[in-house]
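Source file: data_9.txt; contents: compact mmCIF, N, CA, C and O atoms.
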```
# COMPACT_ATOMS: atom_id res chain seq x y z
N MET A 12 -8.04 -7.02 -23.71
CA MET A 12 -6.74 -6.88 -24.33
C MET A 12 -6.41 -8.17 -25.07
O MET A 12 -6.50 -9.25 -24.51
N ILE A 13 -6.05 -8.04 -26.33
CA ILE A 13 -5.64 -9.19 -27.13
C ILE A 13 -4.21 -8.94 -27.60
O ILE A 13 -3.92 -7.94 -28.27
N ILE A 14 -3.31 -9.85 -27.23
CA ILE A 14 -1.92 -9.77 -27.68
C ILE A 14 -1.60 -11.03 -28.45
O ILE A 14 -1.79 -12.14 -27.95
N ASP A 15 -1.14 -10.85 -29.68
CA ASP A 15 -0.69 -11.99 -30.48
C ASP A 15 0.74 -12.27 -30.04
O ASP A 15 1.65 -11.48 -30.27
N SER A 16 0.93 -13.40 -29.39
CA SER A 16 2.22 -13.70 -28.76
C SER A 16 3.20 -14.40 -29.69
O SER A 16 4.30 -14.77 -29.25
N HIS A 17 2.84 -14.57 -30.95
CA HIS A 17 3.77 -15.27 -31.85
C HIS A 17 3.46 -14.92 -33.30
O HIS A 17 2.66 -15.58 -33.95
N VAL A 18 4.10 -13.87 -33.77
CA VAL A 18 3.98 -13.50 -35.19
C VAL A 18 5.37 -13.42 -35.79
O VAL A 18 6.35 -13.23 -35.08
N ASN A 19 5.45 -13.62 -37.07
CA ASN A 19 6.72 -13.55 -37.80
C ASN A 19 6.65 -12.43 -38.83
O ASN A 19 6.71 -12.66 -40.04
N LEU A 20 6.51 -11.22 -38.35
CA LEU A 20 6.30 -10.07 -39.22
C LEU A 20 7.50 -9.73 -40.10
O LEU A 20 7.38 -8.96 -41.04
N HIS A 21 8.64 -10.31 -39.83
CA HIS A 21 9.83 -10.06 -40.64
C HIS A 21 9.89 -10.95 -41.89
O HIS A 21 10.69 -10.70 -42.77
N HIS A 22 9.04 -11.95 -41.97
CA HIS A 22 9.09 -12.89 -43.10
C HIS A 22 8.79 -12.18 -44.42
O HIS A 22 8.03 -11.22 -44.47
N GLU A 23 9.34 -12.72 -45.48
CA GLU A 23 9.21 -12.10 -46.81
C GLU A 23 7.76 -11.97 -47.27
O GLU A 23 7.43 -11.08 -48.05
N GLN A 24 6.86 -12.81 -46.78
CA GLN A 24 5.46 -12.72 -47.20
C GLN A 24 4.82 -11.41 -46.75
O GLN A 24 3.80 -11.01 -47.28
N TYR A 25 5.44 -10.74 -45.76
CA TYR A 25 4.92 -9.46 -45.29
C TYR A 25 5.70 -8.27 -45.84
O TYR A 25 5.38 -7.13 -45.51
N ALA A 26 6.71 -8.52 -46.64
CA ALA A 26 7.54 -7.43 -47.17
C ALA A 26 6.66 -6.42 -47.88
O ALA A 26 5.84 -6.75 -48.73
N GLY A 27 6.80 -5.19 -47.49
CA GLY A 27 6.01 -4.12 -48.09
C GLY A 27 4.57 -4.05 -47.61
O GLY A 27 3.82 -3.18 -48.04
N ASP A 28 4.19 -4.94 -46.70
CA ASP A 28 2.80 -4.99 -46.25
C ASP A 28 2.68 -4.93 -44.72
O ASP A 28 1.58 -5.02 -44.19
N VAL A 29 3.79 -4.78 -44.03
CA VAL A 29 3.76 -4.82 -42.56
C VAL A 29 2.83 -3.76 -41.99
O VAL A 29 2.04 -4.04 -41.09
N ASP A 30 2.91 -2.55 -42.51
CA ASP A 30 2.05 -1.49 -41.98
C ASP A 30 0.57 -1.82 -42.14
O ASP A 30 -0.23 -1.59 -41.24
N ALA A 31 0.21 -2.40 -43.28
CA ALA A 31 -1.18 -2.79 -43.51
C ALA A 31 -1.59 -3.94 -42.59
O ALA A 31 -2.72 -3.96 -42.08
N VAL A 32 -0.69 -4.88 -42.37
CA VAL A 32 -0.97 -5.99 -41.46
C VAL A 32 -1.21 -5.45 -40.06
O VAL A 32 -2.17 -5.85 -39.38
N LEU A 33 -0.37 -4.53 -39.63
CA LEU A 33 -0.53 -3.95 -38.30
C LEU A 33 -1.84 -3.18 -38.18
O LEU A 33 -2.52 -3.26 -37.15
N ALA A 34 -2.20 -2.47 -39.23
CA ALA A 34 -3.47 -1.72 -39.22
C ALA A 34 -4.66 -2.67 -39.13
O ALA A 34 -5.60 -2.43 -38.35
N ARG A 35 -4.64 -3.76 -39.92
CA ARG A 35 -5.74 -4.73 -39.88
C ARG A 35 -5.84 -5.39 -38.50
O ARG A 35 -6.93 -5.61 -37.99
N ALA A 36 -4.71 -5.70 -37.92
CA ALA A 36 -4.71 -6.32 -36.59
C ALA A 36 -5.32 -5.37 -35.57
O ALA A 36 -6.14 -5.77 -34.74
N SER A 37 -4.93 -4.11 -35.64
CA SER A 37 -5.47 -3.11 -34.72
C SER A 37 -6.99 -2.98 -34.89
O SER A 37 -7.73 -2.94 -33.91
N GLU A 38 -7.45 -2.94 -36.14
CA GLU A 38 -8.89 -2.86 -36.41
C GLU A 38 -9.64 -4.07 -35.87
O GLU A 38 -10.80 -3.98 -35.49
N ALA A 39 -8.96 -5.21 -35.82
CA ALA A 39 -9.57 -6.44 -35.32
C ALA A 39 -9.50 -6.55 -33.80
O ALA A 39 -10.00 -7.51 -33.22
N GLY A 40 -8.89 -5.56 -33.15
CA GLY A 40 -8.84 -5.55 -31.70
C GLY A 40 -7.55 -6.07 -31.08
O GLY A 40 -7.45 -6.21 -29.86
N VAL A 41 -6.56 -6.36 -31.91
CA VAL A 41 -5.27 -6.81 -31.38
C VAL A 41 -4.55 -5.58 -30.83
O VAL A 41 -4.31 -4.62 -31.55
N THR A 42 -4.23 -5.63 -29.55
CA THR A 42 -3.63 -4.46 -28.90
C THR A 42 -2.11 -4.54 -28.79
O THR A 42 -1.47 -3.56 -28.41
N GLY A 43 -1.54 -5.68 -29.11
CA GLY A 43 -0.10 -5.83 -29.06
C GLY A 43 0.34 -7.09 -29.78
O GLY A 43 -0.47 -8.00 -30.01
N MET A 44 1.62 -7.14 -30.13
CA MET A 44 2.17 -8.31 -30.82
C MET A 44 3.60 -8.55 -30.34
O MET A 44 4.31 -7.61 -29.99
N ILE A 45 3.98 -9.81 -30.37
CA ILE A 45 5.37 -10.18 -30.15
C ILE A 45 5.85 -10.87 -31.42
O ILE A 45 5.34 -11.94 -31.78
N THR A 46 6.78 -10.24 -32.12
CA THR A 46 7.32 -10.81 -33.33
C THR A 46 8.54 -11.65 -32.97
O THR A 46 9.38 -11.24 -32.17
N ILE A 47 8.61 -12.84 -33.52
CA ILE A 47 9.53 -13.87 -33.06
C ILE A 47 10.72 -14.02 -34.01
O ILE A 47 10.55 -14.13 -35.22
N CYS A 48 11.90 -14.07 -33.43
CA CYS A 48 13.12 -14.29 -34.21
C CYS A 48 13.29 -15.79 -34.45
O CYS A 48 13.23 -16.59 -33.52
N ASP A 49 13.50 -16.16 -35.70
CA ASP A 49 13.66 -17.58 -36.05
C ASP A 49 15.09 -17.95 -36.42
O ASP A 49 15.49 -19.10 -36.31
N ARG A 50 15.87 -16.97 -36.87
CA ARG A 50 17.27 -17.18 -37.24
C ARG A 50 18.02 -15.90 -36.89
O ARG A 50 17.50 -14.81 -37.06
N LEU A 51 19.26 -16.02 -36.44
CA LEU A 51 19.99 -14.83 -36.02
C LEU A 51 20.23 -13.84 -37.15
O LEU A 51 20.27 -12.64 -36.91
N GLU A 52 20.34 -14.32 -38.39
CA GLU A 52 20.52 -13.36 -39.48
C GLU A 52 19.26 -12.51 -39.71
O GLU A 52 19.31 -11.47 -40.34
N ASN A 53 18.13 -12.96 -39.15
CA ASN A 53 16.88 -12.18 -39.24
C ASN A 53 16.71 -11.22 -38.06
O ASN A 53 15.76 -10.43 -38.05
N TRP A 54 17.60 -11.27 -37.10
CA TRP A 54 17.47 -10.45 -35.91
C TRP A 54 17.34 -8.96 -36.23
O TRP A 54 16.45 -8.29 -35.69
N PRO A 55 18.14 -8.38 -37.12
CA PRO A 55 17.96 -6.95 -37.42
C PRO A 55 16.56 -6.63 -37.95
O PRO A 55 15.97 -5.61 -37.58
N ALA A 56 16.00 -7.50 -38.78
CA ALA A 56 14.66 -7.26 -39.33
C ALA A 56 13.60 -7.42 -38.24
O ALA A 56 12.64 -6.63 -38.19
N VAL A 57 13.76 -8.40 -37.38
CA VAL A 57 12.81 -8.60 -36.27
C VAL A 57 12.82 -7.37 -35.36
O VAL A 57 11.77 -6.84 -35.00
N ARG A 58 14.01 -6.93 -35.02
CA ARG A 58 14.15 -5.75 -34.16
C ARG A 58 13.53 -4.51 -34.81
O ARG A 58 12.85 -3.73 -34.16
N ALA A 59 13.75 -4.35 -36.11
CA ALA A 59 13.20 -3.19 -36.83
C ALA A 59 11.68 -3.19 -36.80
O ALA A 59 11.05 -2.15 -36.60
N VAL A 60 11.06 -4.36 -36.97
CA VAL A 60 9.60 -4.45 -36.91
C VAL A 60 9.11 -4.08 -35.51
O VAL A 60 8.11 -3.37 -35.36
N ALA A 61 9.82 -4.54 -34.49
CA ALA A 61 9.41 -4.23 -33.12
C ALA A 61 9.43 -2.73 -32.84
O ALA A 61 8.66 -2.24 -32.02
N HIS A 62 10.29 -2.02 -33.54
CA HIS A 62 10.39 -0.58 -33.33
C HIS A 62 9.39 0.22 -34.17
O HIS A 62 9.32 1.43 -34.05
N LYS A 63 8.58 -0.46 -34.98
CA LYS A 63 7.59 0.24 -35.80
C LYS A 63 6.50 0.89 -34.95
O LYS A 63 5.98 1.93 -35.31
N GLN A 64 6.14 0.22 -33.86
CA GLN A 64 5.06 0.74 -33.01
C GLN A 64 5.38 0.42 -31.55
O GLN A 64 6.06 -0.57 -31.26
N SER A 65 4.83 1.21 -30.67
CA SER A 65 5.11 1.01 -29.24
C SER A 65 4.49 -0.28 -28.69
O SER A 65 4.92 -0.76 -27.65
N ASN A 66 3.51 -0.84 -29.38
CA ASN A 66 2.83 -2.04 -28.88
C ASN A 66 3.32 -3.32 -29.56
O ASN A 66 2.64 -4.33 -29.55
N ILE A 67 4.51 -3.26 -30.14
CA ILE A 67 5.12 -4.45 -30.72
C ILE A 67 6.43 -4.70 -29.98
O ILE A 67 7.25 -3.80 -29.81
N TRP A 68 6.59 -5.93 -29.53
CA TRP A 68 7.81 -6.37 -28.86
C TRP A 68 8.38 -7.53 -29.65
O TRP A 68 7.81 -7.94 -30.66
N CYS A 69 9.50 -8.07 -29.20
CA CYS A 69 10.13 -9.15 -29.97
C CYS A 69 10.85 -10.13 -29.06
O CYS A 69 11.02 -9.90 -27.87
N SER A 70 11.26 -11.22 -29.69
CA SER A 70 12.12 -12.20 -29.03
C SER A 70 13.39 -12.31 -29.88
O SER A 70 13.44 -11.84 -31.01
N VAL A 71 14.39 -12.94 -29.32
CA VAL A 71 15.62 -13.23 -30.05
C VAL A 71 15.94 -14.70 -29.84
O VAL A 71 15.86 -15.20 -28.72
N GLY A 72 16.23 -15.40 -30.94
CA GLY A 72 16.53 -16.82 -30.81
C GLY A 72 16.67 -17.48 -32.16
O GLY A 72 16.72 -16.83 -33.20
N VAL A 73 16.71 -18.81 -32.11
CA VAL A 73 16.83 -19.64 -33.31
C VAL A 73 15.82 -20.78 -33.21
O VAL A 73 15.80 -21.51 -32.21
N HIS A 74 14.99 -20.90 -34.23
CA HIS A 74 14.00 -21.98 -34.26
C HIS A 74 14.72 -23.33 -34.27
O HIS A 74 15.76 -23.49 -34.91
N PRO A 75 14.17 -24.32 -33.58
CA PRO A 75 14.80 -25.64 -33.54
C PRO A 75 15.07 -26.25 -34.92
O PRO A 75 16.02 -27.00 -35.08
N HIS A 76 14.25 -25.92 -35.91
CA HIS A 76 14.49 -26.45 -37.26
C HIS A 76 15.84 -26.01 -37.81
O HIS A 76 16.42 -26.69 -38.64
N TYR A 77 16.34 -24.86 -37.34
CA TYR A 77 17.58 -24.31 -37.86
C TYR A 77 18.75 -24.52 -36.91
O TYR A 77 19.84 -23.97 -37.14
N ALA A 78 18.58 -25.30 -35.88
CA ALA A 78 19.63 -25.50 -34.89
C ALA A 78 20.92 -26.02 -35.52
O ALA A 78 22.01 -25.65 -35.09
N LYS A 79 20.80 -26.83 -36.56
CA LYS A 79 21.99 -27.37 -37.21
C LYS A 79 22.87 -26.27 -37.80
O LYS A 79 24.07 -26.46 -37.97
N ASP A 80 22.28 -25.13 -38.09
CA ASP A 80 23.03 -24.02 -38.67
C ASP A 80 23.68 -23.13 -37.60
O ASP A 80 24.41 -22.20 -37.94
N PHE A 81 23.40 -23.40 -36.33
CA PHE A 81 23.90 -22.56 -35.24
C PHE A 81 24.46 -23.41 -34.11
O PHE A 81 24.20 -23.17 -32.94
N GLN A 82 25.24 -24.41 -34.46
CA GLN A 82 25.73 -25.37 -33.47
C GLN A 82 26.63 -24.73 -32.42
O GLN A 82 26.77 -25.26 -31.32
N ASN A 83 27.25 -23.62 -32.72
CA ASN A 83 28.14 -22.97 -31.76
C ASN A 83 27.46 -21.84 -30.98
O ASN A 83 28.11 -21.15 -30.21
N LEU A 84 26.18 -21.67 -31.19
CA LEU A 84 25.44 -20.61 -30.49
C LEU A 84 25.34 -20.96 -29.01
O LEU A 84 24.94 -22.07 -28.65
N GLU A 85 25.67 -20.00 -28.17
CA GLU A 85 25.59 -20.20 -26.73
C GLU A 85 24.47 -19.34 -26.15
O GLU A 85 24.16 -18.27 -26.68
N ALA A 86 23.89 -19.80 -25.08
CA ALA A 86 22.81 -19.07 -24.43
C ALA A 86 23.24 -17.65 -24.08
O ALA A 86 22.45 -16.71 -24.19
N GLY A 87 24.49 -17.48 -23.68
CA GLY A 87 24.99 -16.15 -23.32
C GLY A 87 24.88 -15.15 -24.46
O GLY A 87 24.64 -13.96 -24.21
N THR A 88 25.03 -15.62 -25.69
CA THR A 88 24.90 -14.73 -26.84
C THR A 88 23.47 -14.20 -26.94
O THR A 88 23.25 -13.00 -27.15
N LEU A 89 22.49 -15.08 -26.79
CA LEU A 89 21.09 -14.66 -26.83
C LEU A 89 20.75 -13.75 -25.66
O LEU A 89 20.02 -12.76 -25.82
N ILE A 90 21.29 -14.06 -24.50
CA ILE A 90 21.05 -13.22 -23.32
C ILE A 90 21.63 -11.83 -23.54
O ILE A 90 20.98 -10.82 -23.23
N ASP A 91 22.84 -11.75 -24.10
CA ASP A 91 23.45 -10.45 -24.37
C ASP A 91 22.63 -9.64 -25.37
O ASP A 91 22.43 -8.44 -25.19
N LEU A 92 22.15 -10.30 -26.43
CA LEU A 92 21.32 -9.61 -27.42
C LEU A 92 20.03 -9.11 -26.78
O LEU A 92 19.57 -8.00 -27.03
N ALA A 93 19.44 -9.94 -25.94
CA ALA A 93 18.19 -9.57 -25.28
C ALA A 93 18.40 -8.39 -24.33
O ALA A 93 17.58 -7.47 -24.30
N ARG A 94 19.47 -8.42 -23.59
CA ARG A 94 19.74 -7.32 -22.64
C ARG A 94 20.01 -6.00 -23.36
O ARG A 94 19.74 -4.93 -22.81
N ALA A 95 20.54 -6.08 -24.57
CA ALA A 95 20.90 -4.88 -25.32
C ALA A 95 19.71 -4.23 -26.01
O ALA A 95 19.83 -3.11 -26.50
N GLU A 96 18.58 -4.92 -26.07
CA GLU A 96 17.41 -4.41 -26.81
C GLU A 96 16.21 -4.35 -25.88
O GLU A 96 15.65 -5.39 -25.51
N PRO A 97 15.76 -3.15 -25.52
CA PRO A 97 14.62 -3.01 -24.59
C PRO A 97 13.31 -3.60 -25.11
O PRO A 97 12.42 -3.90 -24.31
N LYS A 98 13.17 -3.80 -26.40
CA LYS A 98 11.93 -4.35 -26.95
C LYS A 98 11.85 -5.88 -26.81
O LYS A 98 10.80 -6.46 -27.05
N VAL A 99 12.94 -6.52 -26.41
CA VAL A 99 12.93 -7.98 -26.24
C VAL A 99 12.20 -8.35 -24.96
O VAL A 99 12.50 -7.83 -23.89
N VAL A 100 11.23 -9.25 -25.12
CA VAL A 100 10.47 -9.74 -23.97
C VAL A 100 10.66 -11.23 -23.75
O VAL A 100 10.04 -11.81 -22.86
N GLY A 101 11.52 -11.86 -24.56
CA GLY A 101 11.76 -13.28 -24.37
C GLY A 101 12.85 -13.81 -25.28
O GLY A 101 13.25 -13.17 -26.24
N ILE A 102 13.32 -14.98 -24.93
CA ILE A 102 14.26 -15.72 -25.76
C ILE A 102 13.44 -16.74 -26.53
O ILE A 102 12.68 -17.51 -25.96
N GLY A 103 13.56 -16.74 -27.83
CA GLY A 103 12.81 -17.69 -28.63
C GLY A 103 12.84 -17.28 -30.09
O GLY A 103 13.16 -16.13 -30.38
N GLU A 104 12.69 -18.09 -30.97
CA GLU A 104 12.30 -19.46 -30.74
C GLU A 104 13.51 -20.23 -30.23
O GLU A 104 14.63 -19.90 -30.54
N CYS A 105 13.23 -21.29 -29.53
CA CYS A 105 14.31 -22.16 -29.07
C CYS A 105 13.68 -23.48 -28.63
O CYS A 105 12.48 -23.61 -28.56
N GLY A 106 14.53 -24.43 -28.37
CA GLY A 106 14.03 -25.71 -27.90
C GLY A 106 14.58 -26.85 -28.73
O GLY A 106 15.57 -26.71 -29.45
N LEU A 107 13.93 -27.99 -28.62
CA LEU A 107 14.33 -29.20 -29.34
C LEU A 107 13.22 -29.60 -30.30
O LEU A 107 12.05 -29.57 -29.95
N ASP A 108 13.62 -29.99 -31.50
CA ASP A 108 12.67 -30.46 -32.50
C ASP A 108 12.62 -31.98 -32.44
O ASP A 108 13.43 -32.65 -33.06
N LEU A 109 11.70 -32.50 -31.69
CA LEU A 109 11.58 -33.95 -31.54
C LEU A 109 10.52 -34.53 -32.46
O LEU A 109 10.29 -35.74 -32.46
N TYR A 110 9.88 -33.70 -33.27
CA TYR A 110 8.83 -34.18 -34.16
C TYR A 110 9.30 -34.22 -35.61
O TYR A 110 9.29 -35.26 -36.26
N TYR A 111 9.70 -33.07 -36.14
CA TYR A 111 10.11 -32.99 -37.54
C TYR A 111 11.55 -33.41 -37.76
O TYR A 111 11.90 -33.84 -38.85
N THR A 112 12.38 -33.24 -36.78
CA THR A 112 13.81 -33.53 -36.84
C THR A 112 14.51 -32.90 -38.06
O THR A 112 15.28 -33.55 -38.74
N HIS A 113 14.23 -31.62 -38.30
CA HIS A 113 14.96 -30.90 -39.37
C HIS A 113 16.41 -30.70 -38.99
O HIS A 113 17.25 -30.48 -39.86
N SER A 114 16.70 -30.72 -37.70
CA SER A 114 18.07 -30.65 -37.21
C SER A 114 18.30 -31.87 -36.32
O SER A 114 17.40 -32.26 -35.56
N PRO A 115 19.47 -32.48 -36.41
CA PRO A 115 19.74 -33.64 -35.57
C PRO A 115 19.69 -33.27 -34.08
O PRO A 115 20.06 -32.15 -33.72
N LEU A 116 19.23 -34.15 -33.26
CA LEU A 116 19.07 -33.88 -31.83
C LEU A 116 20.38 -33.52 -31.16
O LEU A 116 20.43 -32.65 -30.31
N ASP A 117 21.47 -34.14 -31.57
CA ASP A 117 22.76 -33.82 -30.93
C ASP A 117 23.19 -32.42 -31.26
O ASP A 117 23.87 -31.76 -30.53
```
Using structure tokens, write down the structure that the file contains.
Amino acid sequence: MIIDSHVNLHHEQYAGDVDAVLARASEAGVTGMITICDRLENWPAVRAVAHKQSNIWCSVGVHPHYAKDFQNLEAGTLIDLARAEPKVVGIGECGLDLYYTHSPLD
């Protein structure tokens, strides 16, 4: 069993090509994928991709690079979104960006 645990199938580079990407992955032996939410405004698109096939799941979250744009986001909001969507298998992206510092640490 091969599961790709971190794909961004909602990104514009896959627009109009998601079905073909999924087909190629299946042909290569990938049996499941977790598509990752990077910004809350992308959540509807991430969720929609997860519902394309039974072997695709998703996460909900905000990538650390974009933390500056979501300073008022609380963990409870992500937990509520996750609980409301059966395809969610994790909270993410999340964390601290201590390398690139696209968002200030505070």
### Task
Dig up all the protein and nucleic acid residues within 12 Å of (-1.6, -16.8, -25.9) in the file frame, using only C-alpha atoms, and format them as a list in words.
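Using only C-alpha atoms, the matching residues come out as Met12, Ile13, Ile14, Asp15, Ser16, His17, Val18, Val41, Gly43, Met44 and Ile45 of chain A.
The coordinates place CA of Cys48 (chain A) at 11.5 Å from atom N of Tyr77 (chain A).
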### Between CA of Asn83 (chain A) and CA of Val100 (chain A), distance in Å (one decimal)
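Between CA of Asn83 (chain A) and CA of Val100 (chain A) the gap works out to 23.4 Å.
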### Task
Provide the CA of Gln64 (chain A) to CA of Val99 (chain A) distance in Å, to one decimal place.
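Computing the Euclidean distance for CA of Gln64 (chain A) and CA of Val99 (chain A) yields 13.6 Å.
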### Query
Smallest atom-to-atom distance to Trp54 (chain A): which of A:His74, A:His21, A:His113, A:Arg94, using only C-alpha atoms?
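Using only C-alpha atoms, the shortest distance to Trp54 (chain A) belongs to A:His21.
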### Residues within 10 Å of (9.2, -13.7, -36.8), file coords, only C-alpha atoms, listed as JSON, numbers by chain
{"A": [17, 18, 19, 20, 21, 22, 45, 46, 47, 48, 49, 50, 53, 54, 56, 57, 58, 60, 69, 70, 71, 72, 74, 103, 104]}
### Query
Per DSSP on the backbone, what are the strand (DSSP E or B) residues of chain A, as a ChimeraX atom specification?
/A:13-18,41-46,67-71,99-102
#### Entry: Distance criterion (only N, CA, C and O atoms): nearest to Ala78 (chain A) out of A:Pro97, A:His62, A:Asp117, A:Thr42
A:Asp117
#### Entry: Closest of A:Ser37, A:Ser65, A:Gln24, A:Ser114 to Gln82 (chain A) - atom-to-atom distances counting only C-alpha atoms
A:Ser114
### Message
Between A:Lys98, A:Lys63, A:Arg35, A:Lys79, which residue has the minimum interatomic distance to Leu116 (chain A), considering only C-alpha atoms?
### Response
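Closest candidate: A:Lys79.
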Box in all listed atoms of region 40-57 of chain A, axis-aligned, with 8 Å more on each side; write out centre and edge lengths in Å to one decimal as AutoDock Vina command-line options.
```
--center_x 5.8 --center_y -11.3 --center_z -34.4 --size_x 45.4 --size_y 31.5 --size_z 27.9
```
## Note on the structure
Nearest to Thr112 (chain A), restricted to all atoms listed in the file and choosing among A:Leu84, A:Leu33, A:Glu96, A:His76, comes out as A:His76
